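Student: What follows is protein_33.txt; its format and atoms are compact mmCIF, C-alpha atoms.
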# COMPACT_ATOMS: atom_id res chain seq x y z
CA MET A 205 77.93 126.68 -67.76
CA TYR A 206 77.03 124.55 -70.75
CA LYS A 207 79.69 122.19 -72.08
CA VAL A 208 80.63 120.99 -75.55
CA ALA A 209 83.04 118.17 -76.37
CA ILE A 210 85.00 118.42 -79.62
CA VAL A 211 86.17 114.95 -80.75
CA THR A 212 88.99 115.26 -83.27
CA ARG A 213 92.22 113.81 -84.60
CA VAL A 214 93.94 117.19 -84.97
CA LEU A 215 95.30 119.97 -82.79
CA CYS A 216 93.96 123.19 -84.28
CA HIS A 217 95.65 126.56 -83.92
CA SER A 218 96.51 129.61 -86.00
CA SER A 219 99.71 128.08 -87.43
CA GLU A 220 97.69 125.65 -89.51
CA TYR A 221 95.68 125.85 -92.71
CA GLY A 222 92.60 124.25 -94.25
CA SER A 223 90.39 122.06 -92.09
CA PHE A 224 92.46 122.93 -89.00
CA LYS A 225 91.46 126.58 -89.36
CA TYR A 226 87.84 125.64 -89.89
CA LEU A 227 87.79 123.58 -86.69
CA LYS A 228 89.42 126.46 -84.80
CA SER A 229 86.63 128.76 -85.98
CA VAL A 230 84.07 126.30 -84.56
CA VAL A 231 85.94 126.10 -81.24
CA ASP A 232 86.07 129.90 -81.11
CA PHE A 233 82.33 130.08 -81.79
CA PHE A 234 81.52 127.87 -78.81
CA LYS A 235 83.89 129.82 -76.56
CA LEU A 236 82.34 133.14 -77.57
CA THR A 237 78.87 131.66 -77.02
CA GLY A 238 79.81 130.89 -73.41
CA PHE A 239 80.47 127.14 -73.58
CA LYS A 240 83.17 125.28 -71.73
CA VAL A 241 85.07 123.33 -74.41
CA ILE A 242 86.40 119.84 -73.73
CA TYR A 243 88.93 118.97 -76.43
CA VAL A 244 88.98 115.19 -76.97
CA TYR A 245 92.13 114.49 -78.97
CA ILE A 246 92.24 111.11 -80.72
CA GLY A 247 95.44 111.98 -82.53
CA ARG A 248 98.39 110.32 -84.11
CA THR A 249 101.73 110.60 -82.37
CA CYS A 250 104.02 110.41 -85.40
CA GLY A 251 105.10 113.88 -86.45
CA PHE A 252 103.45 115.92 -83.73
CA ASN A 253 105.35 118.15 -81.36
CA VAL A 254 104.15 118.33 -77.77
CA GLY A 255 104.25 122.13 -78.15
CA GLU A 256 101.07 121.80 -80.23
CA PHE A 257 99.18 121.12 -77.00
CA SER A 258 100.27 124.42 -75.49
CA LYS A 259 99.20 126.26 -78.66
CA VAL A 260 95.70 124.81 -78.40
CA TYR A 261 95.51 125.75 -74.71
CA ARG A 262 96.77 129.26 -75.36
CA GLU A 263 94.88 130.14 -78.54
CA CYS A 264 91.62 128.23 -78.13
CA ARG A 265 91.51 128.51 -74.33
CA VAL A 266 90.06 125.00 -74.12
CA SER A 267 89.89 123.28 -70.78
CA PRO A 268 90.68 120.49 -70.57
CA ILE A 269 92.42 118.60 -73.40
CA GLU A 270 91.73 114.87 -73.12
CA PRO A 271 94.36 112.99 -75.17
CA PHE A 272 93.78 109.37 -76.21
CA LEU A 273 97.42 108.49 -75.58
CA PRO A 274 99.53 109.59 -72.58
CA VAL A 275 101.29 112.92 -73.12
CA TYR A 276 104.69 111.25 -72.67
CA SER A 277 104.05 109.24 -75.85
CA TYR A 278 103.64 112.47 -77.81
CA ILE A 279 106.91 113.76 -76.33
CA ILE A 280 108.73 110.56 -77.32
CA CYS A 281 107.35 110.60 -80.85
CA SER A 282 108.14 114.29 -81.14
CA LEU A 283 111.78 113.48 -80.39
CA LEU A 284 111.70 110.55 -82.82
CA ASN A 285 110.32 112.83 -85.49
CA ARG A 286 113.25 115.23 -85.04
CA ILE A 287 115.68 112.31 -85.38
CA VAL A 288 113.91 111.23 -88.57
CA LYS A 289 114.20 114.75 -90.02
CA VAL A 290 117.93 114.90 -89.24
CA GLY A 291 118.44 111.43 -90.71
CA ARG A 292 116.66 112.34 -93.92
CA PHE A 293 118.68 115.55 -94.17
CA PHE A 294 121.87 113.45 -94.15
CA ARG A 295 120.20 110.88 -96.45
CA CYS A 296 120.46 107.95 -94.04
CA LYS A 297 118.64 105.03 -95.68
CA CYS A 298 118.07 103.33 -92.33
CA VAL A 299 115.69 106.12 -91.31
CA ASP A 300 113.05 105.16 -93.88
CA ARG A 301 113.28 101.52 -92.77
CA ALA A 302 112.76 102.61 -89.16
CA VAL A 303 109.74 104.72 -90.09
CA LYS A 304 108.22 101.80 -92.02
CA PHE A 305 108.72 99.58 -88.97
CA LEU A 306 106.99 102.10 -86.69
CA VAL A 307 104.07 102.46 -89.09
CA ASP A 308 103.73 98.66 -89.42
CA ILE A 309 103.54 98.13 -85.64
CA ALA A 310 101.37 101.17 -85.02
CA PRO A 311 97.97 99.41 -85.16
CA GLN A 312 99.22 96.81 -82.67
CA SER A 313 100.50 99.42 -80.23
CA GLY A 314 97.44 101.64 -80.51
CA ILE A 315 99.29 104.51 -82.17
CA GLU A 316 97.24 106.25 -84.87
CA CYS A 317 99.32 107.02 -87.96
CA GLY A 318 96.46 107.96 -90.31
CA ASP A 319 93.91 110.71 -89.73
CA ARG A 320 91.37 109.53 -92.26
CA ARG A 321 90.12 106.44 -90.45
CA VAL A 322 86.97 105.53 -88.71
CA LEU A 323 87.64 105.18 -84.99
CA ASN A 324 88.52 101.74 -83.67
CA GLY A 325 87.01 100.09 -80.60
CA ARG A 326 89.62 101.32 -78.13
CA GLU A 327 89.22 104.89 -79.33
CA ILE A 328 85.44 104.74 -79.11
CA ASP A 329 85.65 103.38 -75.56
CA PHE A 330 88.00 106.23 -74.63
CA VAL A 331 85.62 108.86 -76.05
CA ARG A 332 82.71 107.38 -74.13
CA ARG A 333 84.67 107.46 -70.87
CA VAL A 334 85.51 111.13 -71.43
CA ILE A 335 81.90 111.98 -72.28
CA ARG A 336 80.61 110.20 -69.15
CA LYS A 337 83.20 112.08 -67.09
CA HIS A 338 82.35 115.58 -68.37
CA ARG A 339 78.68 115.11 -69.36
CA PRO A 340 78.54 117.78 -72.10
CA GLN A 341 75.25 118.94 -73.59
CA ILE A 342 76.75 118.90 -77.11
CA VAL A 343 79.28 116.54 -78.72
CA VAL A 344 80.88 117.51 -82.03
CA ALA A 345 82.50 114.88 -84.27
CA ASP A 346 85.17 116.62 -86.35
CA HIS A 347 84.87 114.93 -89.77
CA THR A 348 82.45 112.24 -90.86
CA TRP A 349 84.90 109.44 -90.04
CA MET A 350 84.57 110.28 -86.34
CA ALA A 351 80.80 109.79 -86.36
CA ASN A 352 80.81 106.15 -85.27
CA ILE A 353 81.19 107.37 -81.69
CA PHE A 354 77.45 108.08 -81.90
CA ASP A 355 76.05 104.59 -81.48
CA SER A 356 72.55 103.92 -80.16
CA ASP A 357 73.65 103.76 -76.51
CA PHE A 358 75.63 107.03 -76.64
CA THR A 359 75.00 109.52 -73.82
CA GLU A 360 71.99 111.76 -74.33
CA CYS A 361 73.20 114.98 -75.94
CA LEU A 362 73.04 116.94 -79.19
CA LYS A 363 75.20 115.01 -81.65
CA VAL A 364 76.80 117.25 -84.30
CA ILE A 365 78.90 116.10 -87.28
CA LEU A 366 81.23 118.50 -89.11
CA THR A 367 81.51 117.01 -92.59
CA HIS A 368 84.22 119.34 -94.03
CA ASP A 369 83.63 117.61 -97.37
CA ILE A 370 81.34 115.10 -99.07
CA LEU A 371 83.83 112.26 -99.22
CA PHE A 372 82.28 110.03 -101.87
CA LYS A 373 82.04 113.10 -104.11
CA ARG A 374 85.64 114.00 -103.30
CA ARG A 375 86.76 110.50 -104.30
CA ARG A 376 84.99 110.81 -107.67
CA SER A 377 86.55 114.21 -108.26
CA PHE A 378 90.04 112.81 -107.68
CA TRP A 379 89.37 109.78 -109.86
CA SER A 380 88.23 112.03 -112.71
CA ILE A 381 91.79 113.32 -113.09
CA GLY A 382 93.45 109.96 -112.47
CA MET A 383 94.58 110.90 -108.96
CA GLU A 384 94.41 108.61 -105.94
CA SER A 385 92.03 109.90 -103.30
CA ASP A 386 92.76 110.11 -99.60
CA CYS A 387 89.35 108.52 -98.94
CA GLU A 388 89.37 105.43 -101.18
CA VAL A 389 87.08 103.38 -98.92
CA TRP A 390 84.25 105.88 -99.10
CA ASP A 391 81.12 105.28 -101.12
CA LYS A 392 77.69 106.80 -100.80
CA ASP A 393 76.24 104.03 -98.59
CA PHE A 394 79.22 104.01 -96.21
CA GLU A 395 79.11 107.77 -95.79
CA LYS A 396 75.33 107.78 -95.39
CA ALA A 397 75.52 105.16 -92.62
CA LEU A 398 77.92 107.32 -90.60
CA LEU A 399 76.05 110.58 -91.17
CA GLN A 400 72.86 108.83 -90.04
CA LYS A 401 74.29 108.69 -86.51
CA GLY A 402 74.23 112.47 -85.98
CA ASP A 403 71.38 114.76 -84.94
CA VAL A 404 72.78 117.76 -86.82
CA ILE A 405 74.97 117.56 -89.92
CA VAL A 406 77.08 120.61 -90.76
CA THR A 407 78.31 121.14 -94.32
CA ILE A 408 80.67 123.80 -95.65
CA GLN A 409 78.57 124.91 -98.60
CA ASP A 410 74.89 125.07 -99.43
CA HIS A 411 75.16 122.76 -102.44
CA GLU A 412 76.71 120.12 -100.14
CA ARG A 413 73.87 120.68 -97.70
CA GLN A 414 71.48 119.82 -100.52
CA VAL A 415 73.42 116.62 -101.32
CA VAL A 416 73.25 115.45 -97.69
CA LYS A 417 69.61 116.48 -97.33
CA LYS A 418 68.77 114.35 -100.35
CA LEU A 419 70.59 111.41 -98.76
CA LEU A 420 69.00 111.94 -95.34
CA PRO A 421 65.79 113.98 -95.69
CA GLU A 422 64.78 113.33 -92.08
CA LYS A 423 67.98 114.89 -90.66
CA LYS A 424 68.72 118.48 -89.67
CA VAL A 425 71.34 119.63 -92.19
CA ILE A 426 72.81 123.14 -92.06
CA SER A 427 75.48 125.01 -93.98
CA VAL A 428 78.26 126.77 -92.04
CA PRO A 429 81.01 128.16 -94.31
CA TYR A 430 84.42 129.23 -93.08
CA PRO A 431 83.94 132.66 -91.43
CA VAL A 432 86.12 135.66 -92.19
CA ASP A 433 86.02 139.36 -91.43
CA VAL A 434 87.15 142.12 -93.75
CA LYS A 435 90.83 142.76 -93.10
CA LEU A 436 91.61 146.47 -93.22
CA VAL A 437 95.10 146.44 -94.72
CA LYS A 438 96.98 149.72 -94.88
CA GLY A 439 96.13 150.34 -98.51
CA ARG A 440 99.56 151.48 -99.68
CA PRO A 441 99.99 151.58 -103.48
CA LYS A 442 101.01 148.15 -104.80
CA LYS A 443 104.08 148.89 -106.91
CA ASP A 444 105.22 145.35 -107.76
CA ASN A 445 103.32 142.85 -109.89
CA ILE A 446 103.06 140.23 -107.15
CA VAL A 447 100.75 137.22 -107.43
CA ILE A 448 100.10 135.07 -104.34
CA PHE A 449 99.16 131.43 -103.75
CA VAL A 450 98.50 130.15 -100.23
CA GLY A 451 98.16 126.46 -99.40
CA SER A 452 99.16 123.41 -97.40
CA ASN A 453 101.19 120.49 -98.73
CA ALA A 454 98.11 118.34 -99.42
CA ASP A 455 98.46 116.31 -102.61
CA HIS A 456 95.66 118.07 -104.47
CA ASN A 457 97.26 121.45 -103.71
CA VAL A 458 100.62 120.19 -104.98
CA ILE A 459 99.16 118.97 -108.28
CA SER A 460 97.18 122.19 -108.72
CA LEU A 461 100.23 124.38 -108.10
CA GLN A 462 102.35 122.27 -110.46
CA TRP A 463 99.78 122.81 -113.18
CA TYR A 464 99.72 126.53 -112.51
CA LEU A 465 103.50 126.99 -112.48
CA ARG A 466 104.05 124.90 -115.61
CA GLU A 467 101.08 125.87 -117.76
CA ILE A 468 99.98 129.33 -116.60
CA TRP A 469 102.84 131.23 -115.00
CA PRO A 470 105.09 131.19 -118.12
CA LYS A 471 102.21 132.74 -120.10
CA VAL A 472 101.92 135.50 -117.49
CA LEU A 473 105.67 136.20 -117.70
CA GLU A 474 105.48 136.52 -121.49
CA ARG A 475 103.20 139.53 -121.02
CA ILE A 476 104.61 140.87 -117.74
CA PRO A 477 108.30 139.88 -117.38
CA ASP A 478 108.72 141.59 -113.99
CA ALA A 479 105.88 139.63 -112.34
CA LEU A 480 106.67 137.74 -109.11
CA MET A 481 104.95 134.67 -107.70
CA TYR A 482 104.77 134.25 -103.90
CA VAL A 483 103.90 130.76 -102.63
CA VAL A 484 102.97 130.79 -98.95
CA GLY A 485 102.35 127.76 -96.73
CA SER A 486 103.73 124.29 -96.10
CA ILE A 487 103.29 123.37 -99.78
CA GLY A 488 106.77 124.78 -100.37
CA SER A 489 108.25 121.98 -98.27
CA ARG A 490 107.38 119.36 -100.89
CA LYS A 491 110.47 118.01 -102.61
CA ILE A 492 109.24 118.83 -106.11
CA PHE A 493 109.29 122.57 -105.32
CA GLN A 494 112.58 122.73 -103.43
CA ASN A 495 114.66 123.12 -106.60
CA TRP A 496 112.10 124.69 -108.88
CA GLY A 497 114.72 126.79 -110.67
CA ASP A 498 112.55 129.81 -111.48
CA LYS A 499 113.73 133.00 -109.79
CA THR A 500 110.34 134.64 -110.34
CA VAL A 501 108.74 132.07 -107.99
CA ARG A 502 109.47 132.40 -104.27
CA PHE A 503 108.48 129.64 -101.85
CA LEU A 504 108.09 131.37 -98.49
CA GLY A 505 106.81 128.51 -96.31
CA TYR A 506 104.74 129.33 -93.24
CA VAL A 507 104.75 133.06 -92.47
CA ASP A 508 103.83 134.70 -89.17
CA ASP A 509 102.33 137.78 -90.78
CA ILE A 510 100.14 136.74 -93.71
CA ASP A 511 98.57 140.22 -93.69
CA SER A 512 101.68 141.85 -95.11
CA TYR A 513 101.87 139.38 -98.00
CA TYR A 514 98.25 139.89 -98.98
CA GLU A 515 98.80 143.62 -98.65
CA MET A 516 101.61 143.64 -101.20
CA SER A 517 99.90 141.23 -103.64
CA LYS A 518 97.91 142.45 -106.63
CA VAL A 519 96.32 139.09 -107.45
CA ALA A 520 95.54 135.83 -105.60
CA VAL A 521 95.25 132.60 -107.58
CA ILE A 522 93.24 129.48 -106.71
CA PRO A 523 94.05 126.99 -109.51
CA SER A 524 92.29 123.96 -107.99
CA ILE A 525 92.03 121.02 -110.37
CA VAL A 526 89.67 119.12 -108.07
CA SER A 527 86.60 120.43 -106.29
CA SER A 528 86.68 120.39 -102.50
CA GLY A 529 84.36 121.44 -99.72
CA LEU A 530 86.63 123.95 -98.03
CA LYS A 531 87.23 127.25 -99.84
CA ILE A 532 89.50 128.78 -97.21
CA LYS A 533 92.17 130.03 -99.62
CA LEU A 534 89.47 131.76 -101.64
CA VAL A 535 87.48 133.39 -98.86
CA GLU A 536 90.65 134.45 -97.05
CA ALA A 537 91.86 136.30 -100.15
CA LEU A 538 88.41 137.87 -100.57
CA SER A 539 88.54 139.11 -96.98
CA TYR A 540 91.71 141.06 -97.79
CA GLY A 541 90.12 142.54 -100.90
CA VAL A 542 92.75 140.93 -103.13
CA PRO A 543 91.34 140.33 -106.64
CA CYS A 544 91.15 136.59 -107.33
CA VAL A 545 91.43 134.31 -110.34
CA ALA A 546 90.10 130.79 -109.82
CA SER A 547 89.59 127.63 -111.83
CA GLU A 548 86.07 126.34 -112.39
CA ASN A 549 86.68 123.55 -109.85
CA ALA A 550 87.65 126.10 -107.22
CA LEU A 551 84.22 127.74 -107.57
CA VAL A 552 82.09 124.60 -107.36
CA GLY A 553 79.31 125.43 -104.92
CA VAL A 554 79.94 129.18 -105.02
CA GLY A 555 78.94 129.91 -108.58
CA GLU A 556 77.49 133.28 -107.55
CA LEU A 557 81.07 134.57 -107.29
CA LYS A 558 81.90 134.06 -110.96
CA ASP A 559 83.07 137.16 -112.80
CA GLU A 560 81.47 139.73 -110.48
CA VAL A 561 83.58 138.81 -107.43
CA VAL A 562 86.13 136.31 -108.78
CA LEU A 563 87.41 135.88 -112.33
CA CYS A 564 86.77 132.28 -113.40
CA ALA A 565 89.04 130.53 -115.91
CA ARG A 566 88.21 127.43 -117.95
CA ASP A 567 91.76 126.64 -119.09
CA SER A 568 95.38 127.71 -118.70
CA LYS A 569 95.24 130.31 -121.48
CA GLN A 570 92.19 132.05 -120.01
CA PHE A 571 93.66 131.77 -116.50
CA ALA A 572 96.86 133.53 -117.56
CA GLY A 573 94.85 136.18 -119.39
CA CYS A 574 92.80 136.92 -116.28
CA VAL A 575 95.94 137.27 -114.13
CA VAL A 576 97.46 139.66 -116.67
CA ASP A 577 94.26 141.70 -116.88
CA LEU A 578 94.20 142.21 -113.12
CA LEU A 579 97.87 143.17 -113.02
CA ILE A 580 97.51 145.89 -115.66
CA ASP A 581 93.89 147.03 -115.34
CA GLY A 582 93.57 149.02 -112.12
CA GLU A 583 89.90 149.79 -112.69
CA LEU A 584 89.01 146.10 -113.02
CA ALA A 585 91.09 145.24 -109.95
CA ASP A 586 89.42 147.97 -107.88
CA ARG A 587 85.95 146.77 -108.90
CA LEU A 588 86.69 143.19 -107.87
CA LYS A 589 88.25 144.40 -104.62
CA GLN A 590 85.12 146.30 -103.63
CA ASN A 591 82.85 143.43 -104.71
CA SER A 592 84.95 141.01 -102.63
CA ILE A 593 84.65 143.16 -99.51
CA ASP A 594 80.91 143.60 -100.02
CA TYR A 595 80.45 139.83 -100.44
CA VAL A 596 82.39 139.04 -97.27
CA ARG A 597 80.43 141.55 -95.19
CA LYS A 598 77.12 140.21 -96.45
CA ASN A 599 77.79 136.47 -96.36
CA LEU A 600 80.90 135.42 -94.44
CA THR A 601 81.15 137.29 -91.14
CA ARG A 602 81.12 135.18 -87.98
CA GLU A 603 77.65 136.44 -87.01
CA VAL A 604 76.14 135.47 -90.37
CA VAL A 605 77.95 132.16 -90.83
CA PHE A 606 77.18 130.68 -87.41
CA GLU A 607 73.57 131.82 -87.17
CA PRO A 608 72.13 128.43 -88.34
CA LEU A 609 74.20 126.57 -85.72
CA ARG A 610 73.28 129.09 -83.04
CA GLU A 611 69.58 128.55 -83.81
CA VAL A 612 69.94 124.76 -83.58
CA ILE A 613 71.70 125.01 -80.21
CA ASP A 614 69.16 127.47 -78.82
CA ASP A 615 66.30 125.21 -79.92
CA TYR A 616 67.92 122.17 -78.31
CA LEU A 617 68.79 123.82 -75.00
CA GLY A 618 65.48 125.65 -74.88
CA ALA A 619 63.58 122.42 -75.46
CA GLY A 620 64.95 120.80 -72.33
CA GLY A 621 68.17 119.37 -73.71
CA LYS A 622 70.04 120.76 -70.69
CA GLY A 623 70.70 117.50 -68.98
CA ASN A 624 74.13 116.03 -68.36
CA GLY A 625 75.41 119.33 -66.91
Rewrite the structure of this file - the entire thing - as structure tokens.
Tutor:
Amino acid sequence: MYKVAIVTRVLCHSSEYGSFKYLKSVVDFFKLTGFKVIYVYIGRTCGFNVGEFSKVYRECRVSPIEPFLPVYSYIICSLLNRIVKVGRFFRCKCVDRAVKFLVDIAPQSGIECGDRRVLNGREIDFVRRVIRKHRPQIVVADHTWMANIFDSDFTECLKVILTHDILFKRRRSFWSIGMESDCEVWDKDFEKALLQKGDVIVTIQDHERQVVKKLLPEKKVISVPYPVDVKLVKGRPKKDNIVIFVGSNADHNVISLQWYLREIWPKVLERIPDALMYVVGSIGSRKIFQNWGDKTVRFLGYVDDIDSYYEMSKVAVIPSIVSSGLKIKLVEALSYGVPCVASENALVGVGELKDEVVLCARDSKQFAGCVVDLLIDGELADRLKQNSIDYVRKNLTREVVFEPLREVIDDYLGAGGKGNG
């Protein structure tokens, strides 16, 4: 059996959103292709529950998980995290001082408290030991900042980098709205130097593939979007004027939702007073939303059955104020056939969706108008629903999305890259 090692800072499973879900789709692809998956976890301890390990085992069926730190350290930090949550609930000031102390000593103790960091020497040595132990034919670096594992003396294998995003472009996009980026250290040369280390570079969208190909014309660069299948919801008549937003508590999501709720939603209510706004995902845990004070907006948190919420929603909104590589919220809504309204930034790289599949809004007034149109115009909503389903079937099924990666793997293994196993 061929083996693939996934080197990552996260534990991916179905309870997560965004880049976690994308990584899970990649793990699932390798499992379905017949690979044995070695999950090399170079994760932080702060905030993680040891139960996350069992979710990865159960859902991804990976064997084995190789954690950088001993499992007992994750158990200890899981307990500490619960104490921190209780302390903050009772507003104990000493808790924040304790957290600051733990973060300050983290680099000395080897605990990783930040995901977006290039691996340090100890972590690289650990990865190399794991790779020598398991001898996989393929090694996947999850995110560009993991790519420095691929130095010149790295074990012979197919080296794959999942970019998730073009980070120097992401930084510029954040700066354009006066927002601090989560990748401040990244510039074009730094990113290029890390991407240079891979054999195959995987981008989320074709326009990002073109950016990387221009940077590194000699490299194999492929586009692998987030895969979805058409979800056959029950199709009951949608009686209520429900609008849905799904997202994590990432800063750019928070700012985008704030803009939507302050600038757009009141305009929708002026026209349709009985409209309801459902906000699904961890974004509702952010303090700014906990006392929002608008009874027409319901923050639902993480839900076990997202299907039922898409089923009852007439419109999905993607009000992104910065462009980003992953379009998971968008393609997920399309897969349910829910008519979508998106900002121009949300459609960067997928311009073919504008108007025929997704209504695109330039400003808050147009955004509100599009939402209202979809709530009251059943014919328009039905047309977008059918166009969404057709687009997903043609472009975003697992078979279509992973075909470029499948071809690369077949070429490598067929050309004698079968060693190590």
Student: Out of A:Phe224, A:Tyr540, A:Phe239, A:Lys396, which residue has the shortest atom-to-atom distance to A:Ile342 when counting all atoms listed in the file?
Tutor: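 Nearest candidate to A:Ile342 out of A:Phe224, A:Tyr540, A:Phe239, A:Lys396: A:Phe239.
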Student: Residues within 10 Å of A:Val415, please, as a ChimeraX atom specification. Count all atoms listed in the file; anything in the same chain fewer than 6 positions from it doesn't count.
Tutor: /A:370,373,407,421,425
Student: Could you work out how far atom CA of A:Asn445 lies from atom CA of A:Phe571, giving the answer in Å with one decimal?
Tutor: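 Answer for the atom CA of A:Phe571 to atom CA of A:Asn445 separation: 16.1 Å.
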Student: What are the centre and edge lengths in Å, to one decimal, of the axis-aligned box around all listed atoms of stretch 449-465 of chain A with 3 Å added on each side, as AutoDock Vina command-line options?
Tutor:
--center_x 99.6 --center_y 123.9 --center_z -105.3 --size_x 13.8 --size_y 21.1 --size_z 21.8
Student: With only C-alpha atoms as the basis for distance, which of A:His368, A:Arg213, A:Lys235, A:Arg475 is at the shortest distance from A:Gly247?
Tutor: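 Using only C-alpha atoms, the shortest distance to A:Gly247 belongs to A:Arg213.
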Student: If we count all atoms listed in the file, what is near A:Gly541 at a cut-off of 9 Å, once residues fewer than 2 positions away on the same chain are taken out, given as a PyMOL selection string?
Tutor: chain A and resi 434-437+514+536-539+543-544+586+588-593
Student: With a distance cut-off of 8 Å and all atoms listed in the file, select the neighbouring residues of A:Lys442, excluding the residue or stretch itself and same-chain residues fewer than 2 positions from it, and output the selection as a VMD selection string.
Tutor: chain A and resid 440 444 to 445 515 to 518
Student: Of the residues A:Val231, A:Gln409, A:His347, A:Glu611, which is the one nearest to A:Leu551, using all atoms listed in the file?
Tutor: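 Using all atoms listed in the file, the shortest distance to A:Leu551 belongs to A:Gln409.
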Student: For A:Ser527, which residue out of A:Asn495, A:Thr212, A:Asn457, A:Ser489 is the nearest one, using only C-alpha atoms?
Tutor: A:Asn457
Student: Using atom CA of A:Phe493 and atom CA of A:Leu534 as the two end points, give the distance in Å to one decimal.
Tutor: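 Distance reported for this atom pair: 22.2 Å.
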Student: Might you pull out every residue within 8 Å of stretch 362-364 of chain A, with all atoms listed in the file counted and same-chain residues fewer than 5 positions away left off, and present them as JSON, numbers by chain?
Tutor: {"A": [341, 342, 343, 344, 345, 354, 402, 403, 404, 405, 406, 616, 621]}
Student: Can I get the selected residues back with C-alpha atoms, as a PDB file, keeping the file's coordinate frame?
Tutor:
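The resulting part-v6.pdb:
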ATOM      1  CA  GLN A 341      75.250 118.940 -73.590  1.00  0.00           C
ATOM      2  CA  ILE A 342      76.750 118.900 -77.110  1.00  0.00           C
ATOM      3  CA  VAL A 343      79.280 116.540 -78.720  1.00  0.00           C
ATOM      4  CA  VAL A 344      80.880 117.510 -82.030  1.00  0.00           C
ATOM      5  CA  ALA A 345      82.500 114.880 -84.270  1.00  0.00           C
ATOM      6  CA  PHE A 354      77.450 108.080 -81.900  1.00  0.00           C
ATOM      7  CA  GLY A 402      74.230 112.470 -85.980  1.00  0.00           C
ATOM      8  CA  ASP A 403      71.380 114.760 -84.940  1.00  0.00           C
ATOM      9  CA  VAL A 404      72.780 117.760 -86.820  1.00  0.00           C
ATOM     10  CA  ILE A 405      74.970 117.560 -89.920  1.00  0.00           C
ATOM     11  CA  VAL A 406      77.080 120.610 -90.760  1.00  0.00           C
ATOM     12  CA  TYR A 616      67.920 122.170 -78.310  1.00  0.00           C
ATOM     13  CA  GLY A 621      68.170 119.370 -73.710  1.00  0.00           C
TER      14      GLY A 621
END
Student: Tell me, in Å to one decimal, how far atom CA of A:Arg336 is from atom CA of A:Lys401.
Tutor: 18.5 Å
Student: Nearest to A:Lys337 among A:Val526, A:Ile242, A:Ile365, A:Val230, with distances taken over only C-alpha atoms: which residue is it?
Tutor: A:Ile242
Student: Go through A:Lys228, A:Arg374, A:Arg597, A:Lys240 and flag the residue nearest A:Val208, using only C-alpha atoms for the distances.
Tutor: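 Result for the nearest residue to A:Val208: A:Lys240.
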Student: Could you list, as a list in words, every residue within 10 Å of A:Ile459, counting all atoms listed in the file and ignoring same-chain residues fewer than 4 positions away?
Tutor: Met383, Asn453, Ala454, Asp455, Trp463, Tyr464, Pro523, Ser524, Ile525 and Val526 of chain A
Student: Since the input has fewer atoms than a full residue there, write stretch 407-418 of chain A out with N, CA and C atoms, as a PDB file, in the frame of the given file.
Tutor:
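Output file rebuild-v7.pdb is given in full below:
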ATOM      1  N   THR A 407      77.520 121.126 -93.095  1.00  0.00           N
ATOM      2  CA  THR A 407      78.310 121.140 -94.320  1.00  0.00           C
ATOM      3  C   THR A 407      78.961 122.510 -94.498  1.00  0.00           C
ATOM      4  N   ILE A 408      79.922 122.559 -95.418  1.00  0.00           N
ATOM      5  CA  ILE A 408      80.670 123.800 -95.650  1.00  0.00           C
ATOM      6  C   ILE A 408      79.932 124.723 -96.613  1.00  0.00           C
ATOM      7  N   GLN A 409      79.234 124.124 -97.571  1.00  0.00           N
ATOM      8  CA  GLN A 409      78.570 124.910 -98.600  1.00  0.00           C
ATOM      9  C   GLN A 409      77.120 124.479 -98.743  1.00  0.00           C
ATOM     10  N   ASP A 410      76.312 125.366 -99.306  1.00  0.00           N
ATOM     11  CA  ASP A 410      74.890 125.070 -99.430  1.00  0.00           C
ATOM     12  C   ASP A 410      74.641 123.935-100.413  1.00  0.00           C
ATOM     13  N   HIS A 411      75.416 123.853-101.490  1.00  0.00           N
ATOM     14  CA  HIS A 411      75.160 122.760-102.440  1.00  0.00           C
ATOM     15  C   HIS A 411      75.490 121.408-101.815  1.00  0.00           C
ATOM     16  N   GLU A 412      76.445 121.361-100.866  1.00  0.00           N
ATOM     17  CA  GLU A 412      76.710 120.120-100.140  1.00  0.00           C
ATOM     18  C   GLU A 412      75.592 119.822 -99.150  1.00  0.00           C
ATOM     19  N   ARG A 413      75.032 120.865 -98.570  1.00  0.00           N
ATOM     20  CA  ARG A 413      73.870 120.680 -97.700  1.00  0.00           C
ATOM     21  C   ARG A 413      72.738 119.998 -98.473  1.00  0.00           C
ATOM     22  N   GLN A 414      72.536 120.409 -99.702  1.00  0.00           N
ATOM     23  CA  GLN A 414      71.480 119.820-100.520  1.00  0.00           C
ATOM     24  C   GLN A 414      71.766 118.352-100.831  1.00  0.00           C
ATOM     25  N   VAL A 415      73.047 118.013-101.065  1.00  0.00           N
ATOM     26  CA  VAL A 415      73.420 116.620-101.320  1.00  0.00           C
ATOM     27  C   VAL A 415      73.104 115.751-100.106  1.00  0.00           C
ATOM     28  N   VAL A 416      73.496 116.225 -98.912  1.00  0.00           N
ATOM     29  CA  VAL A 416      73.250 115.450 -97.690  1.00  0.00           C
ATOM     30  C   VAL A 416      71.761 115.375 -97.384  1.00  0.00           C
ATOM     31  N   LYS A 417      71.055 116.466 -97.592  1.00  0.00           N
ATOM     32  CA  LYS A 417      69.610 116.480 -97.330  1.00  0.00           C
ATOM     33  C   LYS A 417      68.883 115.487 -98.229  1.00  0.00           C
ATOM     34  N   LYS A 418      69.360 115.332 -99.448  1.00  0.00           N
ATOM     35  CA  LYS A 418      68.770 114.350-100.350  1.00  0.00           C
ATOM     36  C   LYS A 418      69.051 112.931 -99.871  1.00  0.00           C
TER      37      LYS A 418
END
